[in-house]
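As provided, data_32.pdb (PDB, C-alpha atoms, pLDDT in the B column) reads as follows.
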ATOM      1  CA  MET B 479       0.000   0.000   0.000  1.00 50.00           C
ATOM      2  CA  GLN B 480       2.912   2.260   0.700  1.00 51.00           C
ATOM      3  CA  GLY B 481       4.269   1.604  -2.785  1.00 51.00           C
ATOM      4  CA  HIS B 482       1.037   2.670  -4.397  1.00 55.00           C
ATOM      5  CA  ARG B 483       0.747   5.888  -2.372  1.00 57.00           C
ATOM      6  CA  PRO B 484       2.603   8.099  -4.894  1.00 55.00           C
ATOM      7  CA  THR B 485       0.507   6.667  -7.690  1.00 60.00           C
ATOM      8  CA  LEU B 486      -2.765   7.425  -5.853  1.00 57.00           C
ATOM      9  CA  LEU B 487      -1.563  10.942  -5.099  1.00 56.00           C
ATOM     10  CA  ALA B 488      -0.790  11.570  -8.733  1.00 56.00           C
ATOM     11  CA  VAL B 489      -4.188  10.197  -9.790  1.00 53.00           C
ATOM     12  CA  CYS B 490      -5.988  12.429  -7.294  1.00 55.00           C
ATOM     13  CA  LEU B 491      -4.127  15.503  -8.510  1.00 54.00           C
ATOM     14  CA  ALA B 492      -4.984  14.667 -12.127  1.00 55.00           C
ATOM     15  CA  LEU B 493      -8.642  14.145 -11.308  1.00 55.00           C
ATOM     16  CA  GLY B 494      -8.759  17.496  -9.430  1.00 55.00           C
ATOM     17  CA  ALA B 495      -7.247  19.338 -12.405  1.00 51.00           C
ATOM     18  CA  CYS B 496      -9.753  17.765 -14.791  1.00 46.00           C
ATOM     19  CA  ALA B 497     -12.635  18.674 -12.568  1.00 50.00           C
ATOM     20  CA  GLY B 498     -11.428  22.298 -12.476  1.00 53.00           C
ATOM     21  CA  GLU B 499     -11.168  22.447 -16.250  1.00 48.00           C
ATOM     22  CA  LEU B 500     -14.667  21.036 -16.639  1.00 43.00           C
ATOM     23  CA  ARG B 501     -16.132  23.524 -14.179  1.00 50.00           C
ATOM     24  CA  GLU B 502     -14.610  26.662 -15.761  1.00 47.00           C
ATOM     25  CA  PRO B 503     -16.496  26.639 -19.128  1.00 47.00           C
ATOM     26  CA  GLY B 504     -19.851  26.297 -17.358  1.00 47.00           C
ATOM     27  CA  THR B 505     -19.406  29.153 -15.023  1.00 48.00           C
ATOM     28  CA  THR B 506     -20.702  32.525 -16.169  1.00 48.00           C
ATOM     29  CA  SER B 507     -18.830  35.534 -14.981  1.00 49.00           C
ATOM     30  CA  GLN B 508     -21.273  38.046 -13.554  1.00 52.00           C
ATOM     31  CA  PRO B 509     -20.322  41.693 -13.929  1.00 50.00           C
ATOM     32  CA  PRO B 510     -19.647  43.509 -10.691  1.00 50.00           C
ATOM     33  CA  VAL B 511     -22.723  45.119  -9.291  1.00 49.00           C
ATOM     34  CA  THR B 512     -22.281  48.858  -9.209  1.00 49.00           C
ATOM     35  CA  ALA B 513     -24.519  51.226  -7.324  1.00 47.00           C
ATOM     36  CA  ALA B 514     -26.915  53.031  -9.612  1.00 48.00           C
ATOM     37  CA  ALA B 515     -26.083  56.662 -10.000  1.00 50.00           C
ATOM     38  CA  ALA B 516     -28.606  58.664  -8.041  1.00 51.00           C
ATOM     39  CA  PRO B 517     -30.431  61.260 -10.082  1.00 50.00           C
ATOM     40  CA  PRO B 518     -29.163  64.731  -9.417  1.00 53.00           C
ATOM     41  CA  ALA B 519     -31.205  66.486  -6.815  1.00 53.00           C
ATOM     42  CA  SER B 520     -33.262  69.297  -8.195  1.00 54.00           C
ATOM     43  CA  GLU B 521     -31.660  72.563  -7.222  1.00 53.00           C
ATOM     44  CA  PRO B 522     -34.006  75.154  -5.678  1.00 53.00           C
ATOM     45  CA  ALA B 523     -34.970  77.942  -7.993  1.00 54.00           C
ATOM     46  CA  SER B 524     -32.838  80.959  -7.397  1.00 62.00           C
ATOM     47  CA  VAL B 525     -34.902  83.741  -5.838  1.00 57.00           C
ATOM     48  CA  PRO B 526     -33.853  87.188  -7.094  1.00 66.00           C
ATOM     49  CA  ALA B 527     -32.515  89.445  -4.394  1.00 65.00           C
ATOM     50  CA  PRO B 528     -34.881  92.311  -3.525  1.00 66.00           C
ATOM     51  CA  THR B 529     -33.878  95.660  -4.910  1.00 76.00           C
ATOM     52  CA  ARG B 530     -33.109  98.657  -2.741  1.00 70.00           C
ATOM     53  CA  ARG B 531     -36.493 100.199  -3.514  1.00 64.00           C
ATOM     54  CA  GLU B 532     -38.315  97.014  -2.499  1.00 69.00           C
ATOM     55  CA  ARG B 533     -36.333  96.784   0.743  1.00 67.00           C
ATOM     56  CA  ARG B 534     -37.157 100.407   1.610  1.00 62.00           C
ATOM     57  CA  ARG B 535     -40.831  99.864   0.808  1.00 62.00           C
ATOM     58  CA  ARG B 536     -40.867  96.751   2.986  1.00 66.00           C
ATOM     59  CA  GLU B 537     -39.216  98.618   5.848  1.00 63.00           C
ATOM     60  CA  ARG B 538     -41.652 101.539   5.570  1.00 64.00           C
ATOM     61  CA  GLY B 539     -44.615  99.225   5.852  1.00 64.00           C
ATOM     62  CA  PRO B 540     -48.087  99.563   4.343  1.00 72.00           C
ATOM     63  CA  THR B 541     -49.644 102.857   3.366  1.00 77.00           C
ATOM     64  CA  ASP B 542     -51.782 104.549   6.004  1.00 83.00           C
ATOM     65  CA  GLY B 543     -54.895 105.777   4.231  1.00 87.00           C
ATOM     66  CA  ASN B 544     -56.017 107.915   7.165  1.00 91.00           C
ATOM     67  CA  PHE B 545     -52.681 109.717   7.238  1.00 91.00           C
ATOM     68  CA  VAL B 546     -52.659 110.356   3.462  1.00 93.00           C
ATOM     69  CA  PHE B 547     -56.232 111.664   3.393  1.00 95.00           C
ATOM     70  CA  SER B 548     -55.767 113.919   6.436  1.00 95.00           C
ATOM     71  CA  HIS B 549     -52.410 115.225   5.215  1.00 96.00           C
ATOM     72  CA  PHE B 550     -53.775 116.079   1.764  1.00 97.00           C
ATOM     73  CA  SER B 551     -57.023 117.588   3.066  1.00 96.00           C
ATOM     74  CA  ALA B 552     -55.140 119.801   5.510  1.00 96.00           C
ATOM     75  CA  GLY B 553     -52.958 121.068   2.678  1.00 96.00           C
ATOM     76  CA  VAL B 554     -55.940 121.866   0.451  1.00 97.00           C
ATOM     77  CA  PHE B 555     -57.900 123.753   3.109  1.00 96.00           C
ATOM     78  CA  SER B 556     -54.869 125.593   4.462  1.00 96.00           C
ATOM     79  CA  THR B 557     -53.941 126.735   0.950  1.00 96.00           C
ATOM     80  CA  ILE B 558     -57.476 127.968   0.283  1.00 96.00           C
ATOM     81  CA  LEU B 559     -57.428 129.983   3.509  1.00 95.00           C
ATOM     82  CA  ILE B 560     -53.793 131.111   3.748  1.00 95.00           C
ATOM     83  CA  GLN B 561     -52.967 131.793   0.116  1.00 94.00           C
ATOM     84  CA  PRO B 562     -55.469 134.630  -0.514  1.00 94.00           C
ATOM     85  CA  ALA B 563     -54.529 136.298   2.766  1.00 94.00           C
ATOM     86  CA  THR B 564     -50.827 136.108   1.871  1.00 94.00           C
ATOM     87  CA  TYR B 565     -51.401 137.522  -1.608  1.00 93.00           C
ATOM     88  CA  PHE B 566     -53.533 140.318  -0.140  1.00 92.00           C
ATOM     89  CA  VAL B 567     -50.746 141.284   2.277  1.00 93.00           C
ATOM     90  CA  ALA B 568     -48.125 141.058  -0.466  1.00 91.00           C
ATOM     91  CA  THR B 569     -50.212 143.290  -2.716  1.00 89.00           C
ATOM     92  CA  ARG B 570     -50.590 145.876   0.050  1.00 90.00           C
ATOM     93  CA  VAL B 571     -46.859 145.835   0.699  1.00 91.00           C
ATOM     94  CA  GLY B 572     -46.153 146.347  -2.999  1.00 88.00           C
ATOM     95  CA  GLU B 573     -48.438 149.367  -3.173  1.00 87.00           C
ATOM     96  CA  THR B 574     -46.889 151.186  -0.239  1.00 86.00           C
ATOM     97  CA  GLY B 575     -43.883 153.444  -0.688  1.00 75.00           C
ATOM     98  CA  HIS B 576     -41.836 154.136  -3.776  1.00 80.00           C
ATOM     99  CA  GLY B 577     -38.982 152.441  -5.559  1.00 80.00           C
ATOM    100  CA  LEU B 578     -38.054 148.793  -5.823  1.00 87.00           C
ATOM    101  CA  GLY B 579     -38.154 148.047  -2.094  1.00 89.00           C
ATOM    102  CA  PRO B 580     -41.906 147.476  -1.747  1.00 89.00           C
ATOM    103  CA  ALA B 581     -42.047 145.487  -5.002  1.00 89.00           C
ATOM    104  CA  ILE B 582     -39.202 143.209  -3.919  1.00 92.00           C
ATOM    105  CA  GLY B 583     -40.788 142.783  -0.490  1.00 92.00           C
ATOM    106  CA  ALA B 584     -44.104 141.820  -2.078  1.00 92.00           C
ATOM    107  CA  LEU B 585     -42.394 139.270  -4.341  1.00 93.00           C
ATOM    108  CA  VAL B 586     -40.515 137.726  -1.413  1.00 94.00           C
ATOM    109  CA  LEU B 587     -43.696 137.442   0.633  1.00 94.00           C
ATOM    110  CA  GLY B 588     -45.654 135.886  -2.208  1.00 93.00           C
ATOM    111  CA  ALA B 589     -42.850 133.489  -3.156  1.00 95.00           C
ATOM    112  CA  PHE B 590     -41.737 132.077   0.215  1.00 96.00           C
ATOM    113  CA  VAL B 591     -44.372 132.655   2.895  1.00 96.00           C
ATOM    114  CA  PRO B 592     -47.272 130.504   1.556  1.00 95.00           C
ATOM    115  CA  PRO B 593     -45.311 127.201   1.372  1.00 95.00           C
ATOM    116  CA  ILE B 594     -43.983 127.657   4.901  1.00 96.00           C
ATOM    117  CA  LEU B 595     -47.442 128.224   6.362  1.00 96.00           C
ATOM    118  CA  ASN B 596     -49.263 125.665   4.215  1.00 96.00           C
ATOM    119  CA  TYR B 597     -46.889 122.772   4.736  1.00 97.00           C
ATOM    120  CA  THR B 598     -46.503 123.522   8.433  1.00 96.00           C
ATOM    121  CA  VAL B 599     -50.248 122.941   8.768  1.00 96.00           C
ATOM    122  CA  GLN B 600     -49.999 119.721   6.729  1.00 96.00           C
ATOM    123  CA  TRP B 601     -47.095 118.435   8.777  1.00 95.00           C
ATOM    124  CA  ALA B 602     -48.778 119.305  12.084  1.00 95.00           C
ATOM    125  CA  VAL B 603     -51.967 117.443  11.114  1.00 95.00           C
ATOM    126  CA  GLY B 604     -50.000 114.403   9.937  1.00 93.00           C
ATOM    127  CA  ARG B 605     -47.920 114.448  13.096  1.00 92.00           C
ATOM    128  CA  SER B 606     -51.026 114.521  15.272  1.00 93.00           C
ATOM    129  CA  ILE B 607     -52.309 111.380  13.536  1.00 91.00           C
ATOM    130  CA  ALA B 608     -49.008 109.482  13.298  1.00 88.00           C
ATOM    131  CA  PRO B 609     -46.290 111.091  15.448  1.00 89.00           C
ATOM    132  CA  GLY B 610     -42.813 110.923  13.951  1.00 85.00           C
ATOM    133  CA  ARG B 611     -43.981 109.186  10.798  1.00 85.00           C
ATOM    134  CA  ASP B 612     -43.014 111.706   8.123  1.00 86.00           C
ATOM    135  CA  ARG B 613     -40.082 114.059   7.766  1.00 89.00           C
ATOM    136  CA  PHE B 614     -40.674 117.785   7.416  1.00 94.00           C
ATOM    137  CA  TRP B 615     -38.084 118.838   4.845  1.00 94.00           C
ATOM    138  CA  PRO B 616     -38.828 116.587   1.827  1.00 95.00           C
ATOM    139  CA  GLY B 617     -42.493 117.576   1.617  1.00 95.00           C
ATOM    140  CA  PHE B 618     -41.755 121.220   2.344  1.00 97.00           C
ATOM    141  CA  LEU B 619     -39.092 121.476  -0.378  1.00 97.00           C
ATOM    142  CA  VAL B 620     -41.400 119.900  -2.954  1.00 97.00           C
ATOM    143  CA  ASN B 621     -44.174 122.291  -1.949  1.00 97.00           C
ATOM    144  CA  GLN B 622     -41.793 125.245  -2.160  1.00 97.00           C
ATOM    145  CA  VAL B 623     -40.472 124.342  -5.615  1.00 97.00           C
ATOM    146  CA  SER B 624     -43.960 123.714  -6.987  1.00 96.00           C
ATOM    147  CA  HIS B 625     -45.219 127.027  -5.552  1.00 97.00           C
ATOM    148  CA  LEU B 626     -42.258 128.939  -6.997  1.00 96.00           C
ATOM    149  CA  GLY B 627     -42.970 127.511 -10.439  1.00 96.00           C
ATOM    150  CA  ILE B 628     -46.615 128.557 -10.344  1.00 95.00           C
ATOM    151  CA  PHE B 629     -45.907 131.939  -8.755  1.00 95.00           C
ATOM    152  CA  ILE B 630     -43.131 132.902 -11.204  1.00 95.00           C
ATOM    153  CA  GLY B 631     -45.268 131.741 -14.119  1.00 95.00           C
ATOM    154  CA  ALA B 632     -48.191 133.846 -12.908  1.00 93.00           C
ATOM    155  CA  VAL B 633     -46.027 136.952 -12.401  1.00 91.00           C
ATOM    156  CA  VAL B 634     -44.281 136.615 -15.767  1.00 93.00           C
ATOM    157  CA  GLY B 635     -47.584 135.838 -17.467  1.00 92.00           C
ATOM    158  CA  GLY B 636     -49.091 139.059 -16.168  1.00 90.00           C
ATOM    159  CA  ALA B 637     -51.628 137.588 -13.741  1.00 90.00           C
ATOM    160  CA  ASP B 638     -53.388 140.144 -11.549  1.00 88.00           C
ATOM    161  CA  PHE B 639     -53.643 138.879  -7.975  1.00 87.00           C
ATOM    162  CA  ARG B 640     -56.286 141.537  -7.253  1.00 87.00           C
ATOM    163  CA  ASN B 641     -58.493 140.010  -9.950  1.00 90.00           C
ATOM    164  CA  LEU B 642     -60.872 137.478  -8.371  1.00 90.00           C
ATOM    165  CA  GLY B 643     -60.786 135.139 -11.355  1.00 92.00           C
ATOM    166  CA  HIS B 644     -56.981 135.078 -11.616  1.00 92.00           C
ATOM    167  CA  ALA B 645     -56.502 134.687  -7.874  1.00 92.00           C
ATOM    168  CA  THR B 646     -59.101 131.886  -7.632  1.00 94.00           C
ATOM    169  CA  ALA B 647     -57.488 129.901 -10.444  1.00 94.00           C
ATOM    170  CA  ILE B 648     -54.021 130.256  -8.916  1.00 95.00           C
ATOM    171  CA  VAL B 649     -55.157 129.387  -5.397  1.00 95.00           C
ATOM    172  CA  LEU B 650     -57.179 126.316  -6.396  1.00 96.00           C
ATOM    173  CA  GLY B 651     -54.411 125.071  -8.691  1.00 95.00           C
ATOM    174  CA  GLU B 652     -51.868 125.332  -5.892  1.00 95.00           C
ATOM    175  CA  ALA B 653     -54.267 123.858  -3.339  1.00 96.00           C
ATOM    176  CA  PHE B 654     -54.606 120.551  -5.170  1.00 97.00           C
ATOM    177  CA  LEU B 655     -51.270 120.340  -7.010  1.00 96.00           C
ATOM    178  CA  ASN B 656     -48.917 121.484  -4.261  1.00 96.00           C
ATOM    179  CA  SER B 657     -50.765 119.621  -1.519  1.00 96.00           C
ATOM    180  CA  GLY B 658     -50.890 116.429  -3.578  1.00 96.00           C
ATOM    181  CA  LEU B 659     -47.179 116.543  -4.395  1.00 97.00           C
ATOM    182  CA  ALA B 660     -46.284 117.295  -0.774  1.00 96.00           C
ATOM    183  CA  THR B 661     -48.428 114.424   0.524  1.00 96.00           C
ATOM    184  CA  MET B 662     -46.973 112.019  -2.023  1.00 95.00           C
ATOM    185  CA  THR B 663     -43.453 113.046  -1.056  1.00 95.00           C
ATOM    186  CA  ALA B 664     -44.211 112.665   2.642  1.00 93.00           C
ATOM    187  CA  GLU B 665     -45.604 109.193   1.989  1.00 91.00           C
ATOM    188  CA  LEU B 666     -42.641 108.035  -0.095  1.00 90.00           C
ATOM    189  CA  THR B 667     -39.998 109.423   2.258  1.00 90.00           C
ATOM    190  CA  ARG B 668     -41.565 108.486   5.575  1.00 87.00           C
ATOM    191  CA  ARG B 669     -39.511 106.893   8.297  1.00 81.00           C
ATOM    192  CA  PRO B 670     -39.374 103.096   8.513  1.00 78.00           C
ATOM    193  CA  ARG B 671     -41.740 101.598  11.027  1.00 66.00           C
ATOM    194  CA  ALA B 672     -40.284 100.555  14.346  1.00 61.00           C
ATOM    195  CA  THR B 673     -39.621  96.843  14.476  1.00 51.00           C
ATOM    196  CA  THR B 674     -39.996  95.328  17.918  1.00 44.00           C
ATOM    197  CA  ALA B 675     -37.422  92.650  18.459  1.00 42.00           C
ATOM    198  CA  SER B 676     -38.864  89.450  19.823  1.00 39.00           C
ATOM    199  CA  THR B 677     -37.505  88.829  23.280  1.00 41.00           C
ATOM    200  CA  ALA B 678     -36.712  85.190  23.976  1.00 43.00           C
ATOM    201  CA  THR B 679     -37.700  83.907  27.415  1.00 48.00           C
ATOM    202  CA  THR B 680     -35.187  81.606  29.013  1.00 48.00           C
ATOM    203  CA  VAL B 681     -36.492  79.173  31.603  1.00 48.00           C
ATOM    204  CA  ILE B 682     -33.902  77.745  33.962  1.00 53.00           C
ATOM    205  CA  VAL B 683     -34.866  74.419  35.525  1.00 48.00           C
ATOM    206  CA  PRO B 684     -32.766  73.569  38.584  1.00 50.00           C
ATOM    207  CA  VAL B 685     -31.446  70.040  38.718  1.00 48.00           C
ATOM    208  CA  LEU B 686     -30.988  68.501  42.111  1.00 47.00           C
ATOM    209  CA  GLU B 687     -28.409  65.833  42.549  1.00 49.00           C
ATOM    210  CA  PHE B 688     -28.658  63.492  45.476  1.00 45.00           C
ATOM    211  CA  LYS B 689     -25.742  61.355  46.538  1.00 52.00           C
ATOM    212  CA  PHE B 690     -26.185  58.499  48.908  1.00 47.00           C
TER     213      PHE B 690
END

Would you write out, as structure tokens, the structure that this file holds?
Amino acid sequence: MQGHRPTLLAVCLALGACAGELREPGTTSQPPVTAAAAPPASEPASVPAPTRRERRRRERGPTDGNFVFSHFSAGVFSTILIQPATYFVATRVGETGHGLGPAIGALVLGAFVPPILNYTVQWAVGRSIAPGRDRFWPGFLVNQVSHLGIFIGAVVGGADFRNLGHATAIVLGEAFLNSGLATMTAELTRRPRATTASTATTVIVPVLEFKF
């Protein structure tokens, strides 16, 4: 039996090699399984950044209809009452004395006094409704420039402020135009509304530790 041991070993090795050769053609090589590529996640649509005008409008807050109506109405009524009185005083000043002094004084009164008085009334009424909401200077400057344009045009055009028809047309035109422009300016240049910061409340819970 010991003499046949090398022969049996050789036969076993030959049979194992044959079995390996027979098994190889039958086996099918499967391709390596790769993870499927995940579809790209849909990127969120880019939201355009708000412009400076939109940010200012958002900070100012919504329009206050009560403030706009009261501000405009005060300007119209104050112009109807103050403007004729101012023109009457300016006309009287121009007729007194001799030379250019009275004429220049009348022009200065008619050109600069009405906007100061009219817009002061508008601003005071708006401030009583919404304190600190609108600034004084933007609306006043717009009122002043608009009044100067109408006043210089009337003087150059030869309007007679002592004539009831001329004076009525000038006063009513300024009452609605100047007051409307001043109210619009006050609304567009108003101060941003006060934002109250939310105060976070911190609750501290004591933890007791007992050792035995």

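For the pair CA of Leu587 in chain B and CA of Thr564 in chain B, the separation is 7.4 Å.
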
Non-local contacts of range 628-641 of chain B (7 Å; only C-alpha atoms; under 4 positions in same chain excluded) as a compact mmCIF listing (two decimals) with C-alpha atoms, keeping the file's coordinate frame:
# COMPACT_ATOMS: atom_id res chain seq x y z
CA TYR B 565 -51.40 137.52 -1.61
CA ALA B 589 -42.85 133.49 -3.16
CA SER B 624 -43.96 123.71 -6.99
CA ALA B 645 -56.50 134.69 -7.87

Target residues per the PyMOL selection byres ((chain B and resi 668) around 7), formatted as an MDAnalysis selection string
chainID B and resid 538 611:613 664:667 669:670

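In this comparison, which uses only C-alpha atoms, the residue of B:Leu626, B:Leu619, B:Val603, B:Ile648 approaching Ser551 in chain B most closely is B:Val603.
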
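For the structure in this document, the set picked by the PyMOL selection byres ((chain B and resi 652) around 9) is Val554, Thr557, Ile558, Gln561, Ser624, His625, Ile628, Ala647, Ile648, Val649, Leu650, Gly651, Ala653, Phe654, Leu655, Asn656 and Ser657 of chain B.
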
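Taking all atoms listed in the file into account, Phe550 in chain B lies nearest to B:Gly604 out of the set B:Gly583, B:Gly604, B:Gly572, B:Pro562.
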
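Pairwise distance (CA of Ala584 in chain B, CA of Phe614 in chain B) equals 26.1 Å.
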
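Taking all atoms listed in the file into account, Phe618 in chain B lies nearest to B:Pro593 out of the set B:Gly658, B:Gly575, B:Pro593, B:Gly643.
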
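Taking CA of Gly627 in chain B and CA of Tyr597 in chain B as endpoints, the distance between them is 16.4 Å.
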